[in-house]
Every structure is written in structure tokens, then in C-alpha cells.
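One file, run.pdb, is given below (PDB, C-alpha atoms).
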```pdb
MODEL        1
ATOM      1  CA  MET F   1      79.499 -15.230 -93.334
ATOM      2  CA  ASN F   2      81.434 -12.953 -91.016
ATOM      3  CA  GLY F   3      85.198 -13.369 -90.949
ATOM      4  CA  PRO F   4      86.943 -15.385 -88.225
ATOM      5  CA  ASP F   5      88.702 -12.226 -86.945
ATOM      6  CA  ASN F   6      85.345 -10.772 -85.913
ATOM      7  CA  LEU F   7      84.497 -13.991 -84.101
ATOM      8  CA  LEU F   8      87.769 -14.023 -82.210
ATOM      9  CA  LYS F   9      87.450 -10.358 -81.298
ATOM     10  CA  TYR F  10      84.067 -11.198 -79.793
ATOM     11  CA  LEU F  11      85.640 -14.059 -77.855
ATOM     12  CA  THR F  12      88.380 -11.762 -76.496
ATOM     13  CA  VAL F  13      91.292 -13.847 -77.831
ATOM     14  CA  PRO F  14      93.904 -12.708 -80.380
ATOM     15  CA  ALA F  15      92.899 -12.803 -84.047
ATOM     16  CA  ILE F  16      94.292 -15.803 -85.931
ATOM     17  CA  ALA F  17      93.885 -17.309 -89.360
ATOM     18  CA  CYS F  18      91.462 -20.227 -89.446
ATOM     19  CA  LEU F  19      92.027 -23.368 -91.487
ATOM     20  CA  PHE F  20      89.389 -25.097 -93.616
ATOM     21  CA  LEU F  21      87.980 -28.332 -92.234
ATOM     22  CA  SER F  22      85.912 -31.096 -93.756
ATOM     23  CA  PHE F  23      84.164 -33.809 -91.765
ATOM     24  CA  ASN F  24      83.276 -37.322 -92.888
ATOM     25  CA  PRO F  25      81.068 -39.316 -90.478
ATOM     26  CA  HIS F  26      81.757 -43.005 -89.899
ATOM     27  CA  PRO F  27      79.439 -45.865 -88.891
ATOM     28  CA  ALA F  28      78.147 -46.323 -85.371
ATOM     29  CA  SER F  29      79.668 -48.839 -82.978
ATOM     30  CA  ALA F  30      78.235 -50.658 -79.990
ATOM     31  CA  ASP F  31      80.505 -49.332 -77.221
ATOM     32  CA  ASP F  32      81.029 -45.781 -78.504
ATOM     33  CA  GLN F  33      78.408 -43.711 -80.236
ATOM     34  CA  VAL F  34      80.361 -43.315 -83.440
ATOM     35  CA  VAL F  35      83.724 -44.475 -84.724
ATOM     36  CA  LEU F  36      85.535 -41.290 -85.666
ATOM     37  CA  PRO F  37      89.051 -40.626 -86.955
ATOM     38  CA  TYR F  38      90.685 -39.303 -83.789
ATOM     39  CA  ASP F  39      93.474 -40.388 -81.492
ATOM     40  CA  TRP F  40      93.048 -37.890 -78.637
ATOM     41  CA  VAL F  41      90.271 -36.619 -76.395
ATOM     42  CA  ILE F  42      90.281 -33.044 -75.120
ATOM     43  CA  GLN F  43      88.094 -33.222 -72.026
ATOM     44  CA  VAL F  44      86.251 -30.227 -70.610
ATOM     45  CA  ASP F  45      84.875 -30.541 -67.055
ATOM     46  CA  THR F  46      82.460 -27.835 -65.905
ATOM     47  CA  ILE F  47      82.377 -26.866 -62.235
ATOM     48  CA  ARG F  48      80.035 -24.354 -60.564
ATOM     49  CA  LEU F  49      81.773 -22.070 -58.065
ATOM     50  CA  LYS F  50      78.782 -20.757 -56.177
ATOM     51  CA  ARG F  51      80.715 -18.840 -53.495
ATOM     52  CA  GLN F  52      83.453 -17.370 -55.695
ATOM     53  CA  PHE F  53      83.389 -13.536 -55.536
ATOM     54  CA  GLU F  54      80.365 -13.708 -53.232
ATOM     55  CA  TYR F  55      80.321 -10.342 -51.515
ATOM     56  CA  SER F  56      78.098  -7.281 -51.369
ATOM     57  CA  GLY F  57      77.999  -5.507 -54.721
ATOM     58  CA  SER F  58      79.777  -8.298 -56.608
ATOM     59  CA  THR F  59      78.923  -8.542 -60.302
ATOM     60  CA  LEU F  60      80.958 -11.726 -60.898
ATOM     61  CA  ASN F  61      78.953 -14.274 -58.957
ATOM     62  CA  PRO F  62      78.395 -17.100 -59.727
ATOM     63  CA  ILE F  63      81.481 -18.329 -61.597
ATOM     64  CA  GLU F  64      81.737 -21.360 -63.883
ATOM     65  CA  LYS F  65      85.162 -23.000 -63.957
ATOM     66  CA  LEU F  66      86.119 -25.194 -66.900
ATOM     67  CA  GLU F  67      89.056 -27.533 -66.455
ATOM     68  CA  VAL F  68      90.584 -28.737 -69.721
ATOM     69  CA  SER F  69      92.836 -31.757 -70.123
ATOM     70  CA  TRP F  70      93.647 -34.304 -72.798
ATOM     71  CA  HIS F  71      94.448 -37.986 -73.039
ATOM     72  CA  PRO F  72      94.929 -40.649 -75.722
ATOM     73  CA  VAL F  73      91.590 -42.124 -76.745
ATOM     74  CA  ASP F  74      92.680 -45.570 -75.517
ATOM     75  CA  LYS F  75      94.480 -44.392 -72.342
ATOM     76  CA  LYS F  76      92.034 -42.472 -70.180
ATOM     77  CA  ASP F  77      94.412 -42.502 -67.205
ATOM     78  CA  ASP F  78      97.225 -40.812 -69.147
ATOM     79  CA  VAL F  79      95.844 -37.319 -68.555
ATOM     80  CA  LYS F  80      97.674 -34.045 -69.145
ATOM     81  CA  LYS F  81      96.156 -30.828 -67.837
ATOM     82  CA  TYR F  82      95.951 -28.112 -70.486
ATOM     83  CA  GLU F  83      94.276 -25.072 -68.938
ATOM     84  CA  SER F  84      91.584 -23.729 -66.647
ATOM     85  CA  MET F  85      89.051 -21.098 -67.701
ATOM     86  CA  TRP F  86      86.671 -19.054 -65.591
ATOM     87  CA  PHE F  87      83.409 -17.624 -66.935
ATOM     88  CA  HIS F  88      80.585 -15.475 -65.660
ATOM     89  CA  ASP F  89      77.349 -15.652 -67.634
ATOM     90  CA  GLY F  90      79.251 -16.985 -70.638
ATOM     91  CA  LYS F  91      81.926 -14.289 -70.627
ATOM     92  CA  ALA F  92      85.543 -15.258 -70.016
ATOM     93  CA  VAL F  93      86.946 -13.608 -66.886
ATOM     94  CA  GLY F  94      90.167 -15.574 -66.422
ATOM     95  CA  MET F  95      92.451 -18.251 -67.833
ATOM     96  CA  GLU F  96      95.399 -20.249 -66.512
ATOM     97  CA  LYS F  97      97.287 -22.144 -69.218
ATOM     98  CA  VAL F  98      99.424 -24.991 -67.889
ATOM     99  CA  ARG F  99     101.149 -26.127 -71.080
ATOM    100  CA  LYS F 100     101.089 -25.872 -74.850
ATOM    101  CA  LEU F 101      98.763 -28.097 -76.808
ATOM    102  CA  ASP F 102     101.535 -30.517 -77.704
ATOM    103  CA  ILE F 103      99.361 -33.187 -79.274
ATOM    104  CA  GLU F 104     101.168 -34.396 -82.375
ATOM    105  CA  LYS F 105     100.320 -32.230 -85.351
ATOM    106  CA  GLY F 106      97.990 -33.771 -87.910
ATOM    107  CA  GLU F 107      96.338 -36.200 -85.497
ATOM    108  CA  GLY F 108      92.587 -36.103 -84.936
ATOM    109  CA  VAL F 109      90.977 -35.015 -81.682
ATOM    110  CA  ALA F 110      87.525 -35.035 -80.136
ATOM    111  CA  ILE F 111      86.329 -32.507 -77.578
ATOM    112  CA  GLU F 112      84.228 -34.092 -74.836
ATOM    113  CA  VAL F 113      82.251 -32.048 -72.300
ATOM    114  CA  LYS F 114      81.277 -33.375 -68.871
ATOM    115  CA  HIS F 115      79.296 -31.579 -66.168
ATOM    116  CA  LYS F 116      80.278 -32.156 -62.550
ATOM    117  CA  GLU F 117      76.647 -31.609 -61.535
ATOM    118  CA  SER F 118      73.535 -32.727 -63.399
ATOM    119  CA  ASN F 119      71.082 -30.213 -64.856
ATOM    120  CA  ALA F 120      73.665 -27.789 -66.211
ATOM    121  CA  THR F 121      72.769 -24.123 -65.797
ATOM    122  CA  GLU F 122      72.347 -21.733 -68.724
ATOM    123  CA  ALA F 123      75.569 -20.054 -67.619
ATOM    124  CA  GLU F 124      77.411 -23.382 -67.898
ATOM    125  CA  LYS F 125      76.049 -23.926 -71.406
ATOM    126  CA  LYS F 126      77.172 -20.440 -72.431
ATOM    127  CA  ALA F 127      80.636 -21.100 -70.996
ATOM    128  CA  VAL F 128      80.864 -24.449 -72.777
ATOM    129  CA  ALA F 129      79.907 -22.926 -76.147
ATOM    130  CA  ASN F 130      82.585 -20.273 -75.712
ATOM    131  CA  ALA F 131      85.180 -22.884 -74.715
ATOM    132  CA  ILE F 132      84.305 -25.199 -77.619
ATOM    133  CA  ILE F 133      85.092 -22.444 -80.116
ATOM    134  CA  ARG F 134      88.318 -21.500 -78.330
ATOM    135  CA  LEU F 135      89.516 -25.111 -78.174
ATOM    136  CA  THR F 136      88.572 -25.770 -81.786
ATOM    137  CA  LEU F 137      90.707 -22.786 -82.800
ATOM    138  CA  ASP F 138      93.567 -24.073 -80.626
ATOM    139  CA  ALA F 139      93.344 -27.408 -82.409
ATOM    140  CA  TYR F 140      93.253 -25.758 -85.850
ATOM    141  CA  LEU F 141      96.406 -23.790 -84.990
ATOM    142  CA  ASN F 142      98.095 -27.044 -83.992
ATOM    143  CA  LYS F 143      96.964 -28.590 -87.310
ATOM    144  CA  ASN F 144      94.660 -31.078 -85.565
ATOM    145  CA  THR F 145      91.312 -32.088 -87.054
ATOM    146  CA  VAL F 146      88.398 -31.823 -84.606
ATOM    147  CA  ALA F 147      86.372 -34.885 -85.556
ATOM    148  CA  ALA F 148      83.562 -34.383 -83.042
ATOM    149  CA  VAL F 149      82.407 -32.367 -80.062
ATOM    150  CA  LYS F 150      80.580 -34.604 -77.593
ATOM    151  CA  VAL F 151      78.234 -33.014 -75.059
ATOM    152  CA  PRO F 152      75.755 -34.382 -72.502
ATOM    153  CA  LYS F 153      72.419 -35.047 -74.195
ATOM    154  CA  GLU F 154      70.461 -32.911 -71.732
ATOM    155  CA  SER F 155      72.662 -29.915 -72.625
ATOM    156  CA  PHE F 156      72.752 -30.528 -76.379
ATOM    157  CA  SER F 157      70.096 -28.024 -77.493
ATOM    158  CA  GLY F 158      71.256 -25.311 -75.119
ATOM    159  CA  ILE F 159      74.904 -25.586 -76.179
ATOM    160  CA  SER F 160      73.939 -25.704 -79.857
ATOM    161  CA  ASN F 161      71.833 -22.558 -79.469
ATOM    162  CA  ARG F 162      74.688 -20.762 -77.740
ATOM    163  CA  ILE F 163      77.170 -21.740 -80.460
ATOM    164  CA  GLN F 164      74.746 -20.373 -83.048
ATOM    165  CA  GLU F 165      74.835 -17.037 -81.224
ATOM    166  CA  PHE F 166      78.492 -16.805 -82.317
ATOM    167  CA  GLY F 167      77.428 -16.741 -85.966
ATOM    168  CA  PHE F 168      77.206 -20.477 -86.685
ATOM    169  CA  HIS F 169      74.258 -22.105 -88.428
ATOM    170  CA  ILE F 170      73.095 -25.688 -88.794
ATOM    171  CA  ALA F 171      74.239 -27.236 -92.078
ATOM    172  CA  GLU F 172      71.595 -28.986 -94.119
ATOM    173  CA  GLU F 173      72.162 -32.696 -94.636
ATOM    174  CA  LYS F 174      70.570 -34.802 -97.325
ATOM    175  CA  ALA F 175      68.818 -37.926 -96.074
ATOM    176  CA  GLY F 176      70.913 -41.020 -96.638
ATOM    177  CA  ASP F 177      74.078 -39.085 -97.521
ATOM    178  CA  SER F 178      76.742 -40.057 -94.983
ATOM    179  CA  GLN F 179      79.620 -38.421 -96.871
ATOM    180  CA  VAL F 180      78.533 -34.785 -96.983
ATOM    181  CA  GLN F 181      81.447 -32.339 -96.942
ATOM    182  CA  TYR F 182      81.338 -28.692 -95.914
ATOM    183  CA  THR F 183      83.597 -25.774 -96.753
ATOM    184  CA  SER F 184      83.629 -23.144 -94.017
ATOM    185  CA  ASP F 185      85.886 -21.110 -91.791
ATOM    186  CA  MET F 186      85.002 -23.445 -88.925
ATOM    187  CA  THR F 187      82.981 -26.637 -88.520
ATOM    188  CA  VAL F 188      81.655 -27.981 -85.213
ATOM    189  CA  THR F 189      80.173 -31.484 -85.352
ATOM    190  CA  LEU F 190      78.055 -31.677 -82.207
ATOM    191  CA  ILE F 191      77.119 -35.148 -80.925
ATOM    192  CA  SER F 192      75.116 -36.031 -77.824
ATOM    193  CA  VAL F 193      76.167 -38.512 -75.159
ATOM    194  CA  PRO F 194      74.297 -40.838 -74.919
ATOM    195  CA  GLU F 195      73.562 -40.943 -78.630
ATOM    196  CA  GLY F 196      70.462 -39.564 -80.281
ATOM    197  CA  GLU F 197      71.327 -36.002 -81.307
ATOM    198  CA  LYS F 198      73.777 -34.767 -83.941
ATOM    199  CA  GLN F 199      74.282 -31.442 -85.702
ATOM    200  CA  THR F 200      76.920 -30.009 -87.993
ATOM    201  CA  LEU F 201      77.354 -26.324 -87.236
ATOM    202  CA  ILE F 202      79.297 -24.208 -89.712
ATOM    203  CA  ARG F 203      80.504 -20.638 -89.873
TER
ENDMDL
END
```
Spell out the structure here as C-alpha cells.
Amino acid sequence: MNGPDNLLKYLTVPAIACLFLSFNPHPASADDQVVLPYDWVIQVDTIRLKRQFEYSGSTLNPIEKLEVSWHPVDKKDDVKKYESMWFHDGKAVGMEKVRKLDIEKGEGVAIEVKHKESNATEAEKKAVANAIIRLTLDAYLNKNTVAAVKVPKESFSGISNRIQEFGFHIAEEKAGDSQVQYTSDMTVTLISVPEGEKQTLIR
């Protein structure tokens, strides 16, 4: 595998040391796709800015804006804005950080992606893949376990493919083994909403 420094250089963020992460799935529940060991949700909302930088000769149109916030898993109205990111064709072109990720260290988080418009574009999927890796690294630095990354089912394959372009590959799972553990620089457990798709991507 390539080192995490090469990955971060590609993502245009400072090089940091990654932590090792293991994931243990838990049984399904009726109201939520899976019961996972997390207390917080980091929510990523994708917004298409079709008229941003729309002028003759512009090479930055269209723009995808990703708004990132977090809330306790049982208090969806207790939202704190974290940052905004702007992308063009999957490449980061801007960021506005509002606050530190001051979720209590050691507590589990899930990253949940929501599209403002249906039928997400390829550019949105590229932006989401980039943001998932950035936010996972942010969580690692804060000593938070990322238990799951939930994405809309219609975008699942596209986002997975884009994450794999950053050097990840799909981990093999043995049938009937619900306690598989992986050792890697980074693990992304991708789950579709609604349920039906799941992949463990490792690097």
C-alpha cells in the first residue's frame, strides 16, 4: 500500500500520521439500517452551485459546495456547523472552517452524506469521496472511531469507485463472518441508505 502522506499530498491537505482502525459490524435494527457504536453524526450536505464563477473563459464552473455539520445521534436538532468545502470536478478549490472538531475524544462517529438534489452528478460523487477521506482523517486526529459512512443508495457505486481512485480497495469478507477485523492505514465502511449495499474499503 502507499503511505498516508502520499494520499494527503494528493488531497492537498497537510501530511499527518494516520491511526489504525478496526471495525466490528453489529446486527441490523428496524428503524436504522445497522446498530453501530457511535454517538455522533457528521453530516455532509451536497449543493450544486450552477451559476458560481459563470463567466466567459471560466474553468471553475460548475461548483459543488459541501456543508459539514455534526449533531448527537439522538439529538438531530442540536446541530453545530463544522466547515464548508467547495469543489470543482472533485478537486478542492476552497474551504471555510467554522470551528474545531470538538467532539469528545474517543467517542464514535458516523459520516452521513445527503444530496440536496436527486440524481447526484459525477462531480458531486467525486467531491463526496474527497470529503469522506478528509473527514475520516479529521476524526482520526481527534481520536474518534468512524464506525460507518452512510451514502444515498443511488450514489453508492459511484462514491465507492471514486474512493478507490485514492488507492483504496474492497476488503474481502468471508460469508457468515460478522466479526472480521482489518489492519490498515485507513478503513472506510460504506453503507447505503436505504439499506442494501455495504463495502469495507481499506488502504
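Here the PyMOL selection byres ((chain F and resi 154-160) around 9) matches the residues Ser118, Asn119, Ala120, Thr121, Glu122, Glu124, Lys125, Lys126, Ala127, Val128, Ala129, Lys150, Val151, Pro152, Lys153, Asn161, Arg162, Ile163, Gln164, Glu165, Ile170, Leu190, Ile191, Ser192, Val193, Glu197, Lys198, Gln199 and Leu201 of chain F.
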Using the chain letters and numbers from the file, give me the residues hit by the PyMOL selection byres ((chain F and resi 131-144) around 6), as a PDB file with C-alpha atoms, in the coordinates of the input.
```pdb
ATOM      1  CA  LYS F 105     100.320 -32.230 -85.351  1.00  0.00           C
ATOM      2  CA  GLY F 106      97.990 -33.771 -87.910  1.00  0.00           C
ATOM      3  CA  GLU F 107      96.338 -36.200 -85.497  1.00  0.00           C
ATOM      4  CA  GLY F 108      92.587 -36.103 -84.936  1.00  0.00           C
ATOM      5  CA  VAL F 128      80.864 -24.449 -72.777  1.00  0.00           C
ATOM      6  CA  ALA F 129      79.907 -22.926 -76.147  1.00  0.00           C
ATOM      7  CA  ASN F 130      82.585 -20.273 -75.712  1.00  0.00           C
ATOM      8  CA  THR F 145      91.312 -32.088 -87.054  1.00  0.00           C
TER       9      THR F 145
END
```
* Measuring atom to atom with all atoms listed in the file, identify which of F:Lys114, F:Val149, F:Tyr82, F:Ala123 is nearest to Glu64 (chain F). =>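 Checking each of F:Lys114, F:Val149, F:Tyr82, F:Ala123 against Glu64 (chain F), counting all atoms listed in the file, the winner is F:Ala123.
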For a cut-off of 10 Å around (73.1, -27.1, -92.9), file coordinates, pick out all residues using only C-alpha atoms and list them as a PDB file with C-alpha atoms, in the frame of the given file.
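Result written to selection.pdb:
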```pdb
ATOM      1  CA  PHE F 168      77.206 -20.477 -86.685  1.00  0.00           C
ATOM      2  CA  HIS F 169      74.258 -22.105 -88.428  1.00  0.00           C
ATOM      3  CA  ILE F 170      73.095 -25.688 -88.794  1.00  0.00           C
ATOM      4  CA  ALA F 171      74.239 -27.236 -92.078  1.00  0.00           C
ATOM      5  CA  GLU F 172      71.595 -28.986 -94.119  1.00  0.00           C
ATOM      6  CA  GLU F 173      72.162 -32.696 -94.636  1.00  0.00           C
ATOM      7  CA  LYS F 174      70.570 -34.802 -97.325  1.00  0.00           C
ATOM      8  CA  TYR F 182      81.338 -28.692 -95.914  1.00  0.00           C
ATOM      9  CA  GLN F 199      74.282 -31.442 -85.702  1.00  0.00           C
ATOM     10  CA  THR F 200      76.920 -30.009 -87.993  1.00  0.00           C
ATOM     11  CA  LEU F 201      77.354 -26.324 -87.236  1.00  0.00           C
ATOM     12  CA  ILE F 202      79.297 -24.208 -89.712  1.00  0.00           C
TER      13      ILE F 202
END
```
* To do: For the file shown, report as a PyMOL selection string the outcome of the PyMOL selection byres ((chain F and resi 62) around 6) at residue level.
  => chain F and resi 50+61+63
* Spatial neighbours of Val98 (chain F), max dist 10 Å, all atoms listed in the file, sep filter under 5 positions, as a list in words ->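 My reading of the contact set: Val68, Ser69, Lys80, Lys81, Tyr82, Glu83 and Ser84 of chain F.
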* Please provide the set of residues having any atom within 6 Å of Trp86 (chain F), restricted to only C-alpha atoms, with same-chain residues fewer than 3 positions apart removed, written as a PyMOL selection string. => chain F and resi 64-65+92-94
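Taking CA of Val146 (chain F) as the reference point, CA of Arg99 (chain F) is found at 19.4 Å.
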* Asked: What gap, in Å, lies between CA of Gly196 (chain F) and CA of Ala148 (chain F)?
  ->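 CA of Ala148 (chain F) lies 14.4 Å from CA of Gly196 (chain F).
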* Which value, in Å to one decimal, gives the distance between CA of His88 (chain F) and CA of Thr46 (chain F)? -> 12.5 Å
* Asked: From the list F:Glu67, F:Glu117, F:Glu195, F:Glu112, which residue is nearest Arg48 (chain F) when using all atoms listed in the file?
  -> F:Glu117
Quick one: axis-aligned box around all listed atoms of region 115-131 of chain F, 5 Å on every side, centre and edge lengths in Å to one decimal, written as lines of an AutoDock Vina configuration file.
```
center_x = 78.1
center_y = -26.4
center_z = -68.8
size_x = 24.1
size_y = 22.7
size_z = 24.6
```
Which polymer residues, protein or nucleic acid, are no farther than 6 Å from (90.3, -34.7, -78.2), counting all atoms listed in the file, as an mmCIF file with C-alpha atoms, in the coordinates of the input?
```
data_model
loop_
_atom_site.group_PDB
_atom_site.id
_atom_site.type_symbol
_atom_site.label_atom_id
_atom_site.label_comp_id
_atom_site.auth_asym_id
_atom_site.auth_seq_id
_atom_site.Cartn_x
_atom_site.Cartn_y
_atom_site.Cartn_z
ATOM 1 C CA TRP F 40 93.048 -37.890 -78.637
ATOM 2 C CA VAL F 41 90.271 -36.619 -76.395
ATOM 3 C CA ILE F 42 90.281 -33.044 -75.120
ATOM 4 C CA VAL F 109 90.977 -35.015 -81.682
ATOM 5 C CA ALA F 110 87.525 -35.035 -80.136
ATOM 6 C CA ILE F 111 86.329 -32.507 -77.578
#
```
* Find, counting all atoms listed in the file, the residue in F:Ala147, F:Met186, F:Val44, F:Leu101 that gets nearest to His115 (chain F). => F:Val44
